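J.: Below you'll find work07.cif; it's mmCIF, C-alpha atoms.
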data_target
#
loop_
_atom_site.label_atom_id
_atom_site.label_comp_id
_atom_site.auth_asym_id
_atom_site.auth_seq_id
_atom_site.Cartn_x
_atom_site.Cartn_y
_atom_site.Cartn_z
CA MET A 14 68.89 -75.22 38.48
CA ASN A 15 72.61 -75.30 37.80
CA ILE A 16 74.93 -78.32 37.50
CA GLU A 17 76.26 -78.04 41.05
CA GLN A 18 72.75 -77.89 42.50
CA ILE A 19 71.83 -81.03 40.58
CA ARG A 20 74.92 -82.81 41.90
CA ARG A 21 74.07 -81.87 45.48
CA GLN A 22 70.39 -82.71 45.23
CA ALA A 23 70.41 -85.83 43.08
CA PHE A 24 69.48 -88.93 45.09
CA ALA A 25 66.67 -90.68 43.25
CA MET A 26 64.09 -89.97 40.59
CA PRO A 27 62.20 -87.72 40.13
CA LEU A 28 64.86 -85.16 41.03
CA THR A 29 62.52 -82.70 42.76
CA SER A 30 60.33 -85.34 44.46
CA PRO A 31 62.19 -88.66 44.84
CA ALA A 32 60.10 -91.85 44.91
CA PHE A 33 61.74 -92.80 48.23
CA PRO A 34 63.72 -90.95 50.93
CA PRO A 35 67.36 -91.54 51.91
CA GLY A 36 67.97 -94.24 54.52
CA PRO A 37 68.61 -95.76 56.93
CA TYR A 38 65.45 -97.85 56.71
CA ARG A 39 64.19 -99.21 60.03
CA PHE A 40 61.42 -101.82 60.26
CA TYR A 41 59.30 -102.27 63.39
CA GLN A 42 57.16 -105.34 64.09
CA ARG A 43 58.20 -106.87 60.78
CA GLU A 44 56.38 -110.20 60.52
CA PHE A 45 57.96 -113.07 58.58
CA PHE A 46 56.27 -116.29 57.43
CA ILE A 47 58.82 -118.52 55.68
CA ILE A 48 58.12 -121.95 54.22
CA SER A 49 61.16 -124.03 53.24
CA TYR A 50 60.70 -126.59 50.50
CA ARG A 51 62.70 -129.00 48.36
CA THR A 52 62.65 -128.34 44.62
CA ASP A 53 64.10 -129.62 41.34
CA PRO A 54 67.90 -129.23 41.60
CA ASP A 55 68.43 -128.66 37.87
CA LYS A 56 65.80 -125.92 37.73
CA LEU A 57 67.21 -124.30 40.86
CA ARG A 58 70.80 -124.42 39.63
CA ALA A 59 69.71 -122.72 36.38
CA VAL A 60 68.56 -119.55 38.20
CA ILE A 61 71.46 -119.10 40.64
CA PRO A 62 73.98 -116.62 39.19
CA GLU A 63 77.67 -117.43 39.41
CA PRO A 64 79.81 -116.93 41.45
CA LEU A 65 77.07 -118.01 43.90
CA GLN A 66 76.74 -121.77 44.28
CA MET A 67 73.80 -124.00 45.14
CA ILE A 68 74.12 -125.69 48.54
CA GLU A 69 71.11 -128.02 48.23
CA PRO A 70 67.86 -127.93 46.23
CA VAL A 71 65.97 -125.82 48.77
CA VAL A 72 63.89 -122.65 48.38
CA ASN A 73 62.43 -120.42 51.09
CA PHE A 74 59.07 -118.94 50.12
CA GLU A 75 58.50 -115.78 52.15
CA PHE A 76 55.48 -113.71 53.09
CA ILE A 77 56.54 -110.56 54.98
CA ARG A 78 54.19 -108.08 56.63
CA MET A 79 55.74 -104.64 57.24
CA PRO A 80 53.26 -102.43 59.11
CA ASP A 81 55.77 -99.77 60.21
CA SER A 82 58.84 -99.02 58.08
CA THR A 83 60.61 -95.66 58.00
CA GLY A 84 60.33 -94.02 54.61
CA PHE A 85 58.46 -96.92 53.04
CA GLY A 86 55.26 -97.00 55.08
CA ASP A 87 52.91 -99.96 55.55
CA TYR A 88 53.11 -102.81 53.04
CA THR A 89 53.42 -106.54 52.40
CA GLU A 90 55.94 -108.51 50.36
CA SER A 91 56.29 -112.07 49.10
CA GLY A 92 58.79 -114.07 47.10
CA GLN A 93 61.52 -116.70 46.89
CA VAL A 94 64.91 -116.73 48.61
CA ILE A 95 67.49 -119.41 47.85
CA PRO A 96 70.17 -120.66 50.29
CA VAL A 97 73.55 -120.37 48.52
CA SER A 98 77.26 -120.26 49.23
CA TYR A 99 79.75 -117.58 48.21
CA GLN A 100 83.48 -117.98 48.76
CA GLY A 101 82.76 -120.90 51.06
CA LYS A 102 80.25 -119.08 53.30
CA ALA A 103 76.53 -119.79 53.44
CA GLY A 104 74.14 -116.98 52.55
CA ASN A 105 70.78 -116.20 50.92
CA TYR A 106 70.09 -115.13 47.34
CA THR A 107 66.85 -113.24 46.70
CA HIS A 108 65.42 -114.67 43.49
CA ALA A 109 62.05 -112.90 43.21
CA MET A 110 59.96 -110.48 45.28
CA TYR A 111 56.43 -109.14 44.82
CA LEU A 112 54.98 -106.25 46.82
CA ASN A 113 52.16 -103.73 46.98
CA ASP A 114 53.93 -100.41 47.64
CA HIS A 115 55.82 -98.26 45.13
CA PRO A 116 58.54 -96.55 47.28
CA PRO A 117 60.13 -99.83 48.49
CA THR A 118 59.75 -101.28 45.00
CA ALA A 119 61.64 -98.34 43.45
CA GLY A 120 64.12 -98.03 46.33
CA GLY A 121 64.74 -101.75 46.54
CA ARG A 122 65.50 -102.01 42.84
CA GLU A 123 67.56 -98.82 42.48
CA LEU A 124 69.59 -98.96 45.72
CA TRP A 125 70.28 -102.64 46.32
CA GLY A 126 69.00 -104.45 43.24
CA PHE A 127 66.08 -106.30 44.82
CA PRO A 128 64.17 -108.17 42.06
CA LYS A 129 60.86 -106.51 42.91
CA LYS A 130 57.62 -106.33 40.95
CA MET A 131 54.25 -104.88 41.92
CA ALA A 132 51.62 -107.43 42.96
CA SER A 133 49.14 -108.12 45.79
CA PRO A 134 50.56 -110.21 48.65
CA GLN A 135 48.78 -110.68 52.00
CA LEU A 136 49.67 -112.18 55.38
CA LYS A 137 46.92 -112.69 57.94
CA VAL A 138 45.47 -115.06 60.53
CA HIS A 139 42.30 -117.04 59.80
CA THR A 140 41.12 -118.43 63.17
CA ASP A 141 43.77 -121.11 63.87
CA THR A 142 45.85 -120.73 60.68
CA LEU A 143 48.50 -118.28 59.49
CA VAL A 144 47.83 -117.68 55.79
CA GLY A 145 50.03 -116.05 53.14
CA GLU A 146 48.62 -115.25 49.71
CA LEU A 147 50.16 -113.81 46.56
CA ASN A 148 48.04 -112.56 43.66
CA TYR A 149 49.40 -111.06 40.45
CA GLY A 150 46.51 -108.97 39.20
CA PRO A 151 43.41 -111.16 39.61
CA VAL A 152 45.38 -114.42 39.41
CA ARG A 153 46.50 -116.42 42.47
CA VAL A 154 50.14 -117.52 42.17
CA ALA A 155 50.92 -118.72 45.73
CA THR A 156 49.11 -119.80 48.89
CA GLY A 157 50.95 -120.74 52.08
CA SER A 158 49.53 -121.85 55.42
CA MET A 159 50.82 -122.85 58.86
CA GLY A 160 49.23 -123.86 62.13
CA TYR A 161 49.23 -120.67 64.18
CA LYS A 162 51.99 -120.61 66.82
CA HIS A 163 51.98 -124.34 67.51
CA ARG A 164 55.50 -124.42 68.95
CA GLU A 165 57.84 -121.67 70.06
CA LEU A 166 61.28 -121.33 68.45
CA ASP A 167 64.44 -119.93 70.01
CA ARG A 168 64.38 -116.17 69.37
CA ALA A 169 68.13 -115.86 69.91
CA VAL A 170 68.84 -118.39 67.13
CA ILE A 171 66.57 -116.52 64.71
CA ALA A 172 68.17 -113.18 65.59
CA GLN A 173 71.69 -114.54 65.14
CA SER A 174 70.78 -115.97 61.74
CA LEU A 175 69.35 -112.61 60.62
CA ARG A 176 72.46 -110.77 61.79
CA ASP A 177 75.10 -113.22 60.61
CA THR A 178 73.79 -114.56 57.28
CA PRO A 179 74.87 -112.50 54.25
CA ASN A 180 72.19 -111.68 51.68
CA TYR A 181 72.87 -111.45 47.93
CA LEU A 182 71.16 -109.73 45.01
CA LEU A 183 71.79 -109.38 41.29
CA LYS A 184 71.55 -105.64 40.58
CA ILE A 185 70.86 -104.74 36.94
CA ILE A 186 70.43 -101.13 35.74
CA PRO A 187 70.19 -100.58 31.97
CA HIS A 188 72.02 -97.95 29.93
CA VAL A 189 70.02 -95.55 27.74
CA ASP A 190 70.81 -97.73 24.71
CA GLY A 191 69.26 -100.77 26.39
CA THR A 192 72.50 -102.52 27.30
CA ALA A 193 73.49 -103.17 30.91
CA ARG A 194 75.16 -100.18 32.55
CA ILE A 195 75.26 -101.81 36.00
CA CYS A 196 75.37 -105.58 36.49
CA GLU A 197 76.64 -106.47 39.94
CA LEU A 198 76.38 -109.09 42.64
CA VAL A 199 75.47 -107.07 45.74
CA SER A 200 75.38 -108.06 49.41
CA PHE A 201 73.53 -106.37 52.24
CA PRO A 202 73.23 -106.93 56.01
CA MET A 203 70.39 -106.81 58.51
CA LEU A 204 71.38 -104.67 61.49
CA ASP A 205 70.19 -103.92 65.05
CA VAL A 206 67.99 -107.01 65.06
CA GLU A 207 65.53 -107.65 67.89
CA VAL A 208 63.25 -110.69 67.63
CA HIS A 209 60.03 -110.39 69.64
CA GLY A 210 58.71 -113.90 69.07
CA ALA A 211 59.21 -116.97 66.86
CA TRP A 212 57.06 -120.04 66.21
CA THR A 213 56.60 -123.05 63.95
CA GLY A 214 53.83 -125.48 63.03
CA PRO A 215 52.59 -127.77 60.26
CA ALA A 216 52.77 -126.00 56.91
CA ALA A 217 51.65 -126.24 53.30
CA LEU A 218 52.48 -124.32 50.12
CA SER A 219 50.83 -124.27 46.70
CA LEU A 220 52.36 -122.49 43.68
CA PHE A 221 50.47 -121.80 40.45
CA PRO A 222 51.89 -121.07 36.96
CA HIS A 223 51.84 -117.47 35.74
CA ALA A 224 53.61 -115.96 32.73
CA LEU A 225 54.87 -112.86 34.60
CA ALA A 226 55.13 -114.21 38.14
CA PRO A 227 56.80 -117.58 37.52
CA VAL A 228 57.22 -118.74 41.12
CA ALA A 229 55.96 -122.19 40.11
CA ASP A 230 59.03 -122.64 37.89
CA LEU A 231 60.72 -123.80 41.12
CA PRO A 232 58.17 -126.50 41.98
CA VAL A 233 57.32 -127.71 45.47
CA LEU A 234 58.46 -131.32 45.85
CA GLU A 235 58.48 -131.56 49.64
CA ILE A 236 57.76 -129.18 52.53
CA LEU A 237 60.75 -129.11 54.87
CA GLY A 238 59.44 -126.75 57.55
CA ALA A 239 58.13 -123.28 58.34
CA LYS A 240 58.92 -120.34 60.61
CA HIS A 241 56.84 -117.40 61.76
CA TYR A 242 58.56 -114.60 63.64
CA VAL A 243 58.27 -110.90 64.42
CA ALA A 244 61.33 -108.64 64.56
CA ASP A 245 62.62 -105.09 64.48
CA LEU A 246 65.60 -104.54 62.20
CA THR A 247 67.44 -102.05 60.02
CA LEU A 248 68.02 -102.87 56.37
CA GLY A 249 71.68 -102.04 55.81
CA LEU A 250 72.99 -100.49 52.62
CA GLY A 251 74.73 -102.65 50.05
CA LYS A 252 78.25 -103.66 49.03
CA VAL A 253 79.36 -104.73 45.55
CA GLU A 254 80.77 -108.26 45.72
CA PHE A 255 81.30 -108.93 42.00
CA ASP A 256 81.07 -106.73 38.90
CA TYR A 257 79.93 -108.72 35.86
CA LEU A 258 80.96 -105.93 33.45
CA ARG A 259 84.63 -105.90 34.46
#
Mind turning this structure into structure tokens?

T.:
Amino acid sequence: MNIEQIRRQAFAMPLTSPAFPPGPYRFYQREFFIISYRTDPDKLRAVIPEPLQMIEPVVNFEFIRMPDSTGFGDYTESGQVIPVSYQGKAGNYTHAMYLNDHPPTAGGRELWGFPKKMASPQLKVHTDTLVGELNYGPVRVATGSMGYKHRELDRAVIAQSLRDTPNYLLKIIPHVDGTARICELVSFPMLDVEVHGAWTGPAALSLFPHALAPVADLPVLEILGAKHYVADLTLGLGKVEFDYLR
């Protein structure tokens, strides 16, 4: 294989059998369960990277079921997303994500900079309750619950929020000597959004300490609300907003 062939073929590793295919990445019947909670403002401020700014001491804990995603397959994801502002506009910063499928873990980290680690999240219905669970190995680190479809939410409002709210990530790729080769604040959009249904209900969230899945470092002080919705969307490719190495 000559140099020009490598240049043409190189997309992701391994070269001859990449861990994930090129996009775009379309998600069908993507199911979101999001619990918003108030947390310690000092602890939250300490994990938000400048130039992003904290709006209020709020965290969204997410359980996301993805049964049909092009290139990535069938998997579940869970983690914490923080409402922030950047250059005066409100957005979301993804602080931590845990999932049970390698291609979106590799692709999410290498393409956009999603802070993904392998774990065992679940989202399911137990009789009258929507339940999200996150285990890291054999250890439970998060349990969320909501009354199943108690009240309907406005689908158009949810869809507009998905389309219009910018999303931010801190992408870090190391050099071969262990220093940072890429260290960037990245944004990405959600495109072609169609919301099929949206609901709310009474909710609860418990977080448990773990050395390698430290979601409990942003403690739950008060539950502010919860949303459960199902949507089709395309995960748009990223844009560099700020380069920390320049």

J.: Work out how far CA of Gly126 in chain A is from CA of Asn73 in chain A, in Å to one decimal.

T.: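 CA of Asn73 in chain A sits 19.0 Å away from CA of Gly126 in chain A.
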
J.: Measure the distance from CA of Ile19 in chain A to CA of Glu123 in chain A in Å and round it to one decimal.

T.: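 We find that CA of Ile19 in chain A and CA of Glu123 in chain A lie 18.4 Å from each other.
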
J.: Evaluate the PyMOL selection byres ((chain A and resi 158) around 6) and record the selected residues as a list in words, following the chain and residue labels used in the document.

T.: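 That expression, the PyMOL selection byres ((chain A and resi 158) around 6), corresponds here to Leu143, Val144, Gly157, Met159, Ala216 and Ala217 of chain A.
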
J.: Kindly export the residues of the current selection with C-alpha atoms, as a CSV table (one decimal), in the frame of the given file.

T.:
chain,number,residue,atom,x,y,z
A,143,LEU,CA,48.5,-118.3,59.5
A,144,VAL,CA,47.8,-117.7,55.8
A,157,GLY,CA,51.0,-120.7,52.1
A,159,MET,CA,50.8,-122.8,58.9
A,216,ALA,CA,52.8,-126.0,56.9
A,217,ALA,CA,51.6,-126.2,53.3

J.: Please enumerate the residues selected by the PyMOL selection byres ((chain A and resi 234) around 12) when evaluated against the supplied file, formatted as a ChimeraX atom specification.

T.: /A:49-54,70-72,217-220,229-233,235-237

J.: Please save C-alpha atoms of the selected residues as a CSV table (one decimal), keeping the file's coordinate frame.

T.:
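Final output, part25.csv:
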chain,number,residue,atom,x,y,z
A,49,SER,CA,61.2,-124.0,53.2
A,50,TYR,CA,60.7,-126.6,50.5
A,51,ARG,CA,62.7,-129.0,48.4
A,52,THR,CA,62.6,-128.3,44.6
A,53,ASP,CA,64.1,-129.6,41.3
A,54,PRO,CA,67.9,-129.2,41.6
A,70,PRO,CA,67.9,-127.9,46.2
A,71,VAL,CA,66.0,-125.8,48.8
A,72,VAL,CA,63.9,-122.6,48.4
A,217,ALA,CA,51.6,-126.2,53.3
A,218,LEU,CA,52.5,-124.3,50.1
A,219,SER,CA,50.8,-124.3,46.7
A,220,LEU,CA,52.4,-122.5,43.7
A,229,ALA,CA,56.0,-122.2,40.1
A,230,ASP,CA,59.0,-122.6,37.9
A,231,LEU,CA,60.7,-123.8,41.1
A,232,PRO,CA,58.2,-126.5,42.0
A,233,VAL,CA,57.3,-127.7,45.5
A,235,GLU,CA,58.5,-131.6,49.6
A,236,ILE,CA,57.8,-129.2,52.5
A,237,LEU,CA,60.8,-129.1,54.9

J.: In Å, how far is it from CA of Met67 in chain A to CA of Gly251 in chain A?

T.: 21.9 Å

J.: Could you give me, as an mmCIF file with C-alpha atoms, in the coordinates of the input, the residues that sit within 12 Å of (64.2, -118.4, 72.2) in the file's coordinates, counting all atoms listed in the file?

T.:
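Result saved to result.cif:
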data_model
loop_
_atom_site.group_PDB
_atom_site.id
_atom_site.type_symbol
_atom_site.label_atom_id
_atom_site.label_comp_id
_atom_site.auth_asym_id
_atom_site.auth_seq_id
_atom_site.Cartn_x
_atom_site.Cartn_y
_atom_site.Cartn_z
ATOM 1 C CA ARG A 164 55.500 -124.420 68.950
ATOM 2 C CA GLU A 165 57.840 -121.670 70.060
ATOM 3 C CA LEU A 166 61.280 -121.330 68.450
ATOM 4 C CA ASP A 167 64.440 -119.930 70.010
ATOM 5 C CA ARG A 168 64.380 -116.170 69.370
ATOM 6 C CA ALA A 169 68.130 -115.860 69.910
ATOM 7 C CA VAL A 170 68.840 -118.390 67.130
ATOM 8 C CA ILE A 171 66.570 -116.520 64.710
ATOM 9 C CA ALA A 172 68.170 -113.180 65.590
ATOM 10 C CA GLN A 173 71.690 -114.540 65.140
ATOM 11 C CA GLU A 207 65.530 -107.650 67.890
ATOM 12 C CA VAL A 208 63.250 -110.690 67.630
ATOM 13 C CA HIS A 209 60.030 -110.390 69.640
ATOM 14 C CA GLY A 210 58.710 -113.900 69.070
ATOM 15 C CA ALA A 211 59.210 -116.970 66.860
ATOM 16 C CA TRP A 212 57.060 -120.040 66.210
ATOM 17 C CA TYR A 242 58.560 -114.600 63.640
#

J.: Go through A:Leu112, A:Leu198, A:Ala226, A:Leu28 one by one, measure the shortest atom-to-atom distance of each to Ala155 in chain A using only C-alpha atoms, and give the residue with the smallest value.

T.: A:Ala226

J.: Applied to this file, what does the PyMOL selection byres ((chain A and resi 195) around 8) return in terms of residues, put as number ranges by chain?

T.: A: 184-188, 193-194, 196-197, 258

J.: As an MDAnalysis selection string, please: the residues near range 145-147 of chain A (cut-off 7 Å, only C-alpha atoms, same-chain neighbours under 3 positions excluded).

T.: chainID A and resid 76 91 133:137 153:158

J.: Neighbourhood query: residues within 10 Å of (73.0, -103.2, 59.3), file coordinates, counting only C-alpha atoms; return as a list in words.

T.: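 The distance filter leaves exactly Pro37, Tyr38, Arg39, Arg176, Phe201, Pro202, Met203, Leu204, Asp205, Val206, Leu246, Thr247, Leu248, Gly249, Leu250 and Gly251 of chain A.
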